[in-house]
Protein chains: 4
Amino acid sequence: MTESRIADPTLAGPGMNKIEWALQFMPVLQSFDEEHFPSKPLKGLRIATCLHLEAKTACLLASLKRLGAEVSAAGSNPLSTQDDVCAALVRLGVRVYSRRGMTDREYCENLSLALDIRPHIVIDDGADMVAMLHTSRRELLHDVRGGAEETTTGVNRLRAMEMEGKLAFAVIAVNDAASKYLFDNRYGTGQSVMDGLMRTTNSLVAGKNVVVVGYGWCGRGVAMRASGMGAKVIVVEVDPHRAFEAVMDGHAVMSMAEAASVGDIFLTLTGNRQVIRKEHFDVMKDGSILGNAGHFDVEISRPDLESLAAEVREVRPNIRTYVTPDGRRIHLLAEGRLVNLAAADGHPIEIMDLSFSIQLLSAIYVAQNRLDAGLHAVPPEIDRAVVTRKLQTMGVKLEELTPEQKNYMNSWQE
Amino acid sequence: MTESRIADPTLAGPGMNKIEWALQFMPVLQSFDEEHFPSKPLKGLRIATCLHLEAKTACLLASLKRLGAEVSAAGSNPLSTQDDVCAALVRLGVRVYSRRGMTDREYCENLSLALDIRPHIVIDDGADMVAMLHTSRRELLHDVRGGAEETTTGVNRLRAMEMEGKLAFAVIAVNDAASKYLFDNRYGTGQSVMDGLMRTTNSLVAGKNVVVVGYGWCGRGVAMRASGMGAKVIVVEVDPHRAFEAVMDGHAVMSMAEAASVGDIFLTLTGNRQVIRKEHFDVMKDGSILGNAGHFDVEISRPDLESLAAEVREVRPNIRTYVTPDGRRIHLLAEGRLVNLAAADGHPIEIMDLSFSIQLLSAIYVAQNRLDAGLHAVPPEIDRAVVTRKLQTMGVKLEELTPEQKNYMNSWQE
Amino acid sequence: MTESRIADPTLAGPGMNKIEWALQFMPVLQSFDEEHFPSKPLKGLRIATCLHLEAKTACLLASLKRLGAEVSAAGSNPLSTQDDVCAALVRLGVRVYSRRGMTDREYCENLSLALDIRPHIVIDDGADMVAMLHTSRRELLHDVRGGAEETTTGVNRLRAMEMEGKLAFAVIAVNDAASKYLFDNRYGTGQSVMDGLMRTTNSLVAGKNVVVVGYGWCGRGVAMRASGMGAKVIVVEVDPHRAFEAVMDGHAVMSMAEAASVGDIFLTLTGNRQVIRKEHFDVMKDGSILGNAGHFDVEISRPDLESLAAEVREVRPNIRTYVTPDGRRIHLLAEGRLVNLAAADGHPIEIMDLSFSIQLLSAIYVAQNRLDAGLHAVPPEIDRAVVTRKLQTMGVKLEELTPEQKNYMNSWQE
Amino acid sequence: MTESRIADPTLAGPGMNKIEWALQFMPVLQSFDEEHFPSKPLKGLRIATCLHLEAKTACLLASLKRLGAEVSAAGSNPLSTQDDVCAALVRLGVRVYSRRGMTDREYCENLSLALDIRPHIVIDDGADMVAMLHTSRRELLHDVRGGAEETTTGVNRLRAMEMEGKLAFAVIAVNDAASKYLFDNRYGTGQSVMDGLMRTTNSLVAGKNVVVVGYGWCGRGVAMRASGMGAKVIVVEVDPHRAFEAVMDGHAVMSMAEAASVGDIFLTLTGNRQVIRKEHFDVMKDGSILGNAGHFDVEISRPDLESLAAEVREVRPNIRTYVTPDGRRIHLLAEGRLVNLAAADGHPIEIMDLSFSIQLLSAIYVAQNRLDAGLHAVPPEIDRAVVTRKLQTMGVKLEELTPEQKNYMNSWQE
């Protein structure tokens, strides 16, 4: 198989620095790595991964390798790939297939190249690799013992596959572990999206009308942090419970049609497509800023923007301005791709320490157990072990129940 | 049966005023009441209830009656009973058995008196009435078609009964409806506990170390609002996921042993017993203030307080001070009973509009369906209908999915 | 002179309890009291006061007396007077002239009765007593050595007097001390207004549009805490810097005309008159709640409310409902008087510990110095001493500058 | 004189893009520029400036030029200079003397080169240019009609000069305008410091102990936004009023000695030197992150760090790690220079729109008035005009006083 396909192997130095920096703030991953290192639980296994190739992911990939696996990696998004980290990973012995700015065709080729490792285990981010295994690369299904998926979008797709009876192996729904979605999706996305927005635009958040489309865990996190930076948050939701929760959290709630003409900054986190489209662009204010933090670049309709624009300009790195015939400027960040990954460094390191520890332990779990085809929850003991170790590394003490209290909680007669 | 047993029937006037005030802010309950009024779905049914007898609950009881039921009511807590509201309820034709400050013995007698109505349906708050039906009043079980329970504590007890195979009829777990626990437990408790604390003590919240014991939905709400009033919040938790969530929300997290000597104000919301006890009182600062918002008055150990006190004084309404032999003053609010109900007016009206609408529709559901014994979830269509109507009364517009978007959400191949 | 004129001397017991409770949370006042007690610096002086007669003020009055003064007290507001505290004060040897609910005529008579003590020092709250001394009781001016005033409104009036050349003695502008206005006006008003609003209405704050009229220190405090309870805050301001500050703090800013039809709850803190009036009532929503926290009851036009109402009802303690001819219900809290004092217990105790310590030390300062007529700032050493002692009682450590650092701060050449 | 001295004139293209981007979000500056353009009020004047040479400052410099002035510019900080913006400014006709990373010697040379223009007006940021005019370049004082200074640090230095009787011309204290310090220092610094911290470290803010040293306007802003991102804030202060304000805002307050061993992230904003030094580094935790946002790079003692380090490493752009002999890693951001300028793009554009409008109008004011030597306040009408226009561009409506209300505010007898 092709050894690697990356932009520039000479960038390994700065890439290694980035990885070392990240590793320092990932004590949980380090500790599980050290705990399992003596037994090399992944020895003899081939693992294909499709992930955002930046420093924190590199720490996970390095651990998989240290614990015995052969590892290949494709980038899960053209704009989230960091070329120096790819070079460093190659130096660490991982087979890497990605470059920042790759075309859609290259993206598919790279997925396929990474699969050439003939994986026993697949670690996916968005379910594109799993989907390819079930379509154009079905010949590899035979070797696959299981996988893990870490996004809401990916889990939704896998659930759809399972409902259609198509899912051919076990996949651990890493996204649905409490140690993952409660923190990564909310506090991780909250900070990283604000970071991407602020560093890309240098625009003030305080006093702005920030429209958050989608009030799932990710949207909640972004709304909370936008509000923490002084914004007036407007939430757009389809689900009534979430909508009322947004009201109770102090946000305004509107339909997209209403919000479109009021918002200054729009951030999409729905997992759906075309949530902002022509009818909305038509009424937006001059200077509106649009960013997406959903998995795919389909939430803000780029085709609609392109067809309505009298002029398109690249005005700053990661900002493209669409000028409407009536002279309004609509600014799209990072081509509508994940603004926190394409225009920043992704989630804060400490958050990914949890998520990737779940990934690592899930991979070991798949390696050590024979699982039926279908979606599987992360075993509760893994889910609990990860967050418990996190608290230990922070020196945070839990309260413990007395025997009388345990008893009381299980009785009804007192 | 005894018609009613209340403190003073002449208080009906102010009680009616309170009910009228509350009703004005309960448009959802009003709207479901009006919708069902023509068909009188509760006609011919007898409903026994055990609830906090204050103005909002009275609106629910009045609706049950308007829709055709015969209704009896016992107070679910001696200190949450408002005597003027009881008098008004009697005037409205409800049989009421309660008075503020009743003894434990009266409390049990009143439960039993309310059950004398031989209920078809039981609406409970804490599961004491259901428990009595399964113990000393088993002869009434035959008539019971089902019930509803609205607290976390009650649902936990019923779950324990069910696990032991003891639960003899269907109970709707109203507490577990999203329209209930997401809002009532969090935002309702958040405001009402702060209200009770502030009005009772006139003490400053800003800058205080407020220890919140339990970071479930209720604890989260209290922590959020205490922080919103300027407190530094310290969370005590046994569950690691909740503990880390508290950390991410900006709170300190400690064991109770650590928090005891640091806190200025302690609020318990665990559903467990003896969460603050001798070993903690021993190290508390002079002037510490203790309040409970868990269902039962067992979270703060009153026996331990009494045994360690050199002196006990009533210093303000709803404040009892325990002076330790070394001269420290520890102030217990409302005898350790629900501080938001015993020392304030309970949850804000608008929140109970949701909870009691769920109760009303659940009662109708029990009336119209034959359900197996055991705990039942609130039917999703009821859960959704209530919050949807709430949004309508507020003029809040939901976004709607296009057919293409619905389709996209169910596919995996794009 | 008349010894006292209060509602009911038998209420002294509960009044003493309230005072004892408050004193416990006023370590700063206690400590200055103890420090000065041996020298009795107020010996031989007569002090007339016009203050909100509740427990914290009583602690100040008791200290004035302990330090040697003869003290008389009139209530500064009919609805803020607590009759049990008045009774306790009488027992403590203070001459008290007030009762809750007194008429305007009684109010004036009481001021005059309190002045009969022929004061050397006047401690005022709103400047009514000082104004009376300059109009109908000018014969007493001769004895007056100085005074102190603790409200923004009072200081503004005194400034107007001074500009007209009418102010006949020295008055310390206690309100303008940093130890006072930074804390009392902001955090004190913030908490006490929310307390008064919540306990009086039992209405939900979260998700409501709360209109805060006036973004001075008091308004900022209320906006901050309303937001902390989950409200969406709308600020109405005449000053552009304050208005933009409100924008940056995440609030909406509107004219009163715009806000009137959007708000759910209206709180006035301007020090001006008629800030909410007919044109605004005309467009308010059904169920609007109005409260004032400015010094005088002129901010919300009660005459306009009365003239437009088809019906007026007392619906709860401290709530009067005006029903418009088109059926909208507008609810006025506490007759438009200070909602935090008339419908709650005023500012939190710990905040008044600072304000009243400034008052006490200012009174001693007036006693010990001969000051020119006119407004005087609180001496900076007093201002600093009070907040410094507060930090000491809390165990909070300040950083200290090194000699090199002090030097650096005064140089320009480095 | 030397025409310009910059890093690379070919970078003008991206520099122009940055300027155009910024200008779009500076409607106030644009509007004053357009208003004054016809009269060219700066015609014939030479203006020397020492400023952070990035896009927003470039908008000010371009306006000065458009309104008729000849303009020279030195960079006020080696790490805040953006080479592409310098190139663009040269293309726009400004004489520029700076490059990112210049040495201390170059910095001084560049100041001197910029002064070669023989300025009538000096616009300074930190007072180094004014200081040079009073020391090594006194021969130029004759032509100088006045200046403007926009930082707290600079105004403090000028005040020291004035006290010593050394300040030879008029300087407008732009920093002290309400339109400047209320917003730029607080909300500007608040956002930009968080931006610089997050983008440089990719480290999580939520749950961290963030030590904010200095609770002036800048420190308040940073504390507010750090808290908004989920941090637990610890404030270090020397002033008791500020310290207690921090307590009331919900922060912990400690001495630096206490905070040093507790903090995870340290941010200095004092205007003083050596506020974090050897004794503090000695007890810091492994992984501590240090950033400065005070004007000069003297707040965190780099000499102390260097002398204690067993090893020094550049680990990421703008991060230098000092490894102590006992293995602890202490990370210094941007060499201890302004982290928001050296490691990010400085304050948000919209904030600088206010500050630079004040600068522009102050320059015109100096041009049109003969002012005495010494520090001058920004004329209130300018201060008010700027924020008023800002509100107009946002469509925010102020409330207006009625004649009766104006009258009431100036009377004392009602």
# chains A, B, ... in the order shown; residues from 1 in each chain; ligands from 1
>>> residues_around(residues="Ser261 (chain D)", least_positions_apart="5", cutoff="7 Å", atoms="only C-alpha atoms", output="PyMOL selection string")
chain D and resi 283-285
>>> interface_residues(of="chain B", to="chain D", cutoff="9 Å", atoms="only C-alpha atoms", output="PyMOL selection string")
chain B and resi 205-208+227-232+244+246-252
>>> select_by_dssp(residues="region 59-243 of chain D", states="alpha helix (DSSP H)", output="number ranges by chain")
D: 59-66, 83-91, 104-115, 128-133, 152-163, 178-180, 189-201, 217-228, 240-243
>>> select_by_dssp(residues="region 101-327 of chain D", states="strand (DSSP E)", output="PyMOL selection string")
chain D and resi 121-124+146-149+170-173+209-213+232-236+252-253+265-268+288-292+311-316+319-323
>>> write_last_selection(atoms="N, CA and C atoms", output="tab-separated table (two decimals), in the first residue's frame")
chain	number	residue	atom	x	y	z
D	121	ILE	N	1.64	67.80	15.83
D	121	ILE	CA	0.79	67.02	16.72
D	121	ILE	C	1.41	65.63	16.91
D	122	VAL	N	1.32	65.13	18.14
D	122	VAL	CA	1.87	63.80	18.44
D	122	VAL	C	0.74	62.92	18.96
D	123	ILE	N	0.58	61.76	18.37
D	123	ILE	CA	-0.42	60.81	18.87
D	123	ILE	C	0.32	59.61	19.41
D	124	ASP	N	0.17	59.38	20.71
D	124	ASP	CA	1.05	58.44	21.38
D	124	ASP	C	0.25	57.33	22.06
D	146	GLY	N	0.54	70.14	20.30
D	146	GLY	CA	-0.17	69.32	21.27
D	146	GLY	C	-0.16	67.86	20.87
D	147	GLY	N	-0.75	67.05	21.73
D	147	GLY	CA	-0.75	65.62	21.46
D	147	GLY	C	-1.96	64.94	22.05
D	148	ALA	N	-1.96	63.64	21.90
D	148	ALA	CA	-3.04	62.83	22.46
D	148	ALA	C	-2.43	61.51	22.91
D	149	GLU	N	-2.95	61.00	24.00
D	149	GLU	CA	-2.39	59.75	24.56
D	149	GLU	C	-3.55	58.81	24.90
D	170	ALA	N	0.51	70.70	25.41
D	170	ALA	CA	-0.80	70.14	25.80
D	170	ALA	C	-0.94	68.71	25.29
D	171	VAL	N	-1.43	67.85	26.15
D	171	VAL	CA	-1.76	66.49	25.70
D	171	VAL	C	-3.19	66.16	26.13
D	172	ILE	N	-3.96	65.71	25.16
D	172	ILE	CA	-5.33	65.28	25.47
D	172	ILE	C	-5.28	63.87	26.03
D	173	ALA	N	-5.86	63.68	27.20
D	173	ALA	CA	-5.87	62.35	27.82
D	173	ALA	C	-7.02	61.53	27.23
D	209	ASN	N	-8.59	27.87	37.17
D	209	ASN	CA	-8.38	29.01	38.06
D	209	ASN	C	-7.61	30.08	37.28
D	210	VAL	N	-8.30	31.11	36.88
D	210	VAL	CA	-7.67	32.18	36.12
D	210	VAL	C	-7.38	33.35	37.09
D	211	VAL	N	-6.12	33.64	37.27
D	211	VAL	CA	-5.73	34.72	38.17
D	211	VAL	C	-5.60	36.02	37.38
D	212	VAL	N	-6.43	36.99	37.73
D	212	VAL	CA	-6.40	38.29	37.06
D	212	VAL	C	-5.74	39.27	38.02
D	213	VAL	N	-4.57	39.75	37.64
D	213	VAL	CA	-3.82	40.64	38.53
D	213	VAL	C	-4.11	42.08	38.11
D	232	LYS	N	-13.04	29.92	36.93
D	232	LYS	CA	-13.14	30.45	38.29
D	232	LYS	C	-12.08	31.55	38.37
D	233	VAL	N	-12.51	32.76	38.59
D	233	VAL	CA	-11.58	33.89	38.55
D	233	VAL	C	-11.07	34.22	39.95
D	234	ILE	N	-9.78	34.43	40.04
D	234	ILE	CA	-9.14	34.90	41.27
D	234	ILE	C	-8.53	36.26	40.98
D	235	VAL	N	-8.91	37.25	41.75
D	235	VAL	CA	-8.41	38.61	41.52
D	235	VAL	C	-7.35	38.96	42.56
D	236	VAL	N	-6.28	39.58	42.10
D	236	VAL	CA	-5.23	40.11	42.98
D	236	VAL	C	-5.26	41.63	42.86
D	252	ALA	N	-13.00	35.20	43.56
D	252	ALA	CA	-12.17	35.07	44.75
D	252	ALA	C	-11.13	36.18	44.72
D	253	VAL	N	-10.71	36.64	45.89
D	253	VAL	CA	-9.67	37.67	45.98
D	253	VAL	C	-8.58	37.16	46.91
D	265	ILE	N	-3.87	29.77	35.12
D	265	ILE	CA	-3.57	30.77	34.10
D	265	ILE	C	-3.43	32.11	34.83
D	266	PHE	N	-2.43	32.89	34.50
D	266	PHE	CA	-2.20	34.19	35.16
D	266	PHE	C	-2.20	35.29	34.10
D	267	LEU	N	-2.98	36.33	34.33
D	267	LEU	CA	-3.04	37.45	33.38
D	267	LEU	C	-2.81	38.75	34.15
D	268	THR	N	-1.82	39.52	33.74
D	268	THR	CA	-1.49	40.75	34.47
D	268	THR	C	-1.99	41.97	33.72
D	288	SER	N	1.60	25.93	34.39
D	288	SER	CA	1.03	27.27	34.53
D	288	SER	C	1.27	28.09	33.27
D	289	ILE	N	0.27	28.88	32.92
D	289	ILE	CA	0.34	29.72	31.71
D	289	ILE	C	0.29	31.17	32.14
D	290	LEU	N	1.21	31.98	31.61
D	290	LEU	CA	1.33	33.38	32.02
D	290	LEU	C	1.20	34.32	30.82
D	291	GLY	N	0.31	35.28	30.93
D	291	GLY	CA	0.19	36.28	29.88
D	291	GLY	C	0.06	37.66	30.48
D	292	ASN	N	0.52	38.65	29.75
D	292	ASN	CA	0.43	40.03	30.22
D	292	ASN	C	-0.44	40.84	29.26
D	311	GLU	N	15.92	25.09	31.81
D	311	GLU	CA	15.84	24.91	30.36
D	311	GLU	C	14.77	25.87	29.83
D	312	VAL	N	15.03	26.41	28.65
D	312	VAL	CA	14.05	27.30	28.02
D	312	VAL	C	13.77	26.77	26.61
D	313	ARG	N	12.47	26.66	26.28
D	313	ARG	CA	12.12	26.12	24.97
D	313	ARG	C	11.04	26.96	24.30
D	314	GLU	N	11.12	27.08	22.98
D	314	GLU	CA	10.01	27.67	22.22
D	314	GLU	C	9.11	26.51	21.81
D	315	VAL	N	7.92	26.42	22.37
D	315	VAL	CA	7.14	25.21	22.13
D	315	VAL	C	6.02	25.40	21.11
D	316	ARG	N	5.54	26.59	20.98
D	316	ARG	CA	4.54	26.91	19.95
D	316	ARG	C	4.78	28.36	19.60
D	319	ILE	N	4.71	30.97	22.48
D	319	ILE	CA	4.82	30.32	23.80
D	319	ILE	C	6.26	29.91	24.06
D	320	ARG	N	6.79	30.42	25.15
D	320	ARG	CA	8.13	30.01	25.58
D	320	ARG	C	7.97	29.30	26.92
D	321	THR	N	8.57	28.13	27.03
D	321	THR	CA	8.43	27.34	28.25
D	321	THR	C	9.71	27.39	29.07
D	322	TYR	N	9.57	27.75	30.34
D	322	TYR	CA	10.68	27.74	31.28
D	322	TYR	C	10.52	26.51	32.15
D	323	VAL	N	11.51	25.62	32.08
D	323	VAL	CA	11.44	24.40	32.89
D	323	VAL	C	12.29	24.63	34.14
>>> calpha_fit_rmsd(fixed="chain B", moving="chain D")
0.0 Å
>>> closest_residue(among="D:Pro38, D:Gly271, D:Pro348, D:Gly294", to="Leu197 (chain A)", atoms="only C-alpha atoms")
D:Pro348
>>> residues_around(residues="region 390-397 of chain B", least_positions_apart="4", cutoff="8 Å", atoms="only C-alpha atoms", output="VMD selection string")
(chain A and resid 240 244 253 to 255) or (chain B and resid 27 to 28 354 386)
>>> atom_distance(atom1="CA of Gly165 (chain D)", atom2="CA of Asp128 (chain D)")
17.6 Å
>>> closest_residue(among="C:Gly196, C:Gly287, C:Glu162, C:Leu64", to="Leu23 (chain B)", atoms="only C-alpha atoms")
C:Gly287
>>> atom_distance(atom1="CA of Asp176 (chain D)", atom2="CA of Asn410 (chain D)")
27.1 Å
>>> atom_distance(atom1="CA of Arg337 (chain B)", atom2="CA of His295 (chain B)")
7.7 Å
>>> decode(residues="region 369-385 of chain C", atoms="N, CA and C atoms", output="PDB file, in the first residue's frame")
ATOM      1  N   ASN C 369     -15.218  67.826  64.044  1.00  0.00           N
ATOM      2  CA  ASN C 369     -14.633  68.835  63.168  1.00  0.00           C
ATOM      3  C   ASN C 369     -15.627  69.965  62.930  1.00  0.00           C
ATOM      4  N   ARG C 370     -15.098  71.128  62.724  1.00  0.00           N
ATOM      5  CA  ARG C 370     -15.944  72.263  62.412  1.00  0.00           C
ATOM      6  C   ARG C 370     -15.887  72.428  60.895  1.00  0.00           C
ATOM      7  N   LEU C 371     -16.999  72.187  60.220  1.00  0.00           N
ATOM      8  CA  LEU C 371     -16.998  72.164  58.750  1.00  0.00           C
ATOM      9  C   LEU C 371     -17.784  73.346  58.198  1.00  0.00           C
ATOM     10  N   ASP C 372     -17.329  73.861  57.068  1.00  0.00           N
ATOM     11  CA  ASP C 372     -18.067  74.944  56.414  1.00  0.00           C
ATOM     12  C   ASP C 372     -19.393  74.422  55.878  1.00  0.00           C
ATOM     13  N   ALA C 373     -20.356  75.331  55.759  1.00  0.00           N
ATOM     14  CA  ALA C 373     -21.618  74.941  55.142  1.00  0.00           C
ATOM     15  C   ALA C 373     -21.363  74.440  53.726  1.00  0.00           C
ATOM     16  N   GLY C 374     -22.164  73.486  53.304  1.00  0.00           N
ATOM     17  CA  GLY C 374     -22.012  72.942  51.945  1.00  0.00           C
ATOM     18  C   GLY C 374     -21.862  71.443  51.968  1.00  0.00           C
ATOM     19  N   LEU C 375     -21.872  70.853  50.775  1.00  0.00           N
ATOM     20  CA  LEU C 375     -21.697  69.409  50.655  1.00  0.00           C
ATOM     21  C   LEU C 375     -20.225  69.055  50.820  1.00  0.00           C
ATOM     22  N   HIS C 376     -19.944  68.035  51.600  1.00  0.00           N
ATOM     23  CA  HIS C 376     -18.570  67.574  51.791  1.00  0.00           C
ATOM     24  C   HIS C 376     -18.467  66.103  51.402  1.00  0.00           C
ATOM     25  N   ALA C 377     -17.343  65.773  50.810  1.00  0.00           N
ATOM     26  CA  ALA C 377     -17.092  64.352  50.539  1.00  0.00           C
ATOM     27  C   ALA C 377     -16.766  63.639  51.837  1.00  0.00           C
ATOM     28  N   VAL C 378     -17.074  62.363  51.894  1.00  0.00           N
ATOM     29  CA  VAL C 378     -16.598  61.545  53.011  1.00  0.00           C
ATOM     30  C   VAL C 378     -15.066  61.571  52.963  1.00  0.00           C
ATOM     31  N   PRO C 379     -14.396  61.841  54.061  1.00  0.00           N
ATOM     32  CA  PRO C 379     -12.937  61.848  54.043  1.00  0.00           C
ATOM     33  C   PRO C 379     -12.405  60.512  53.514  1.00  0.00           C
ATOM     34  N   PRO C 380     -11.446  60.563  52.585  1.00  0.00           N
ATOM     35  CA  PRO C 380     -10.957  59.328  51.957  1.00  0.00           C
ATOM     36  C   PRO C 380     -10.466  58.302  52.962  1.00  0.00           C
ATOM     37  N   GLU C 381      -9.912  58.756  54.075  1.00  0.00           N
ATOM     38  CA  GLU C 381      -9.398  57.770  55.035  1.00  0.00           C
ATOM     39  C   GLU C 381     -10.552  56.992  55.681  1.00  0.00           C
ATOM     40  N   ILE C 382     -11.697  57.645  55.844  1.00  0.00           N
ATOM     41  CA  ILE C 382     -12.870  56.924  56.359  1.00  0.00           C
ATOM     42  C   ILE C 382     -13.376  55.945  55.303  1.00  0.00           C
ATOM     43  N   ASP C 383     -13.478  56.439  54.075  1.00  0.00           N
ATOM     44  CA  ASP C 383     -13.976  55.614  52.970  1.00  0.00           C
ATOM     45  C   ASP C 383     -13.132  54.338  52.837  1.00  0.00           C
ATOM     46  N   ARG C 384     -11.837  54.534  52.941  1.00  0.00           N
ATOM     47  CA  ARG C 384     -10.917  53.417  52.782  1.00  0.00           C
ATOM     48  C   ARG C 384     -10.932  52.498  54.007  1.00  0.00           C
ATOM     49  N   ALA C 385     -11.057  53.116  55.181  1.00  0.00           N
ATOM     50  CA  ALA C 385     -11.021  52.323  56.415  1.00  0.00           C
ATOM     51  C   ALA C 385     -12.184  51.337  56.471  1.00  0.00           C
TER      52      ALA C 385
END
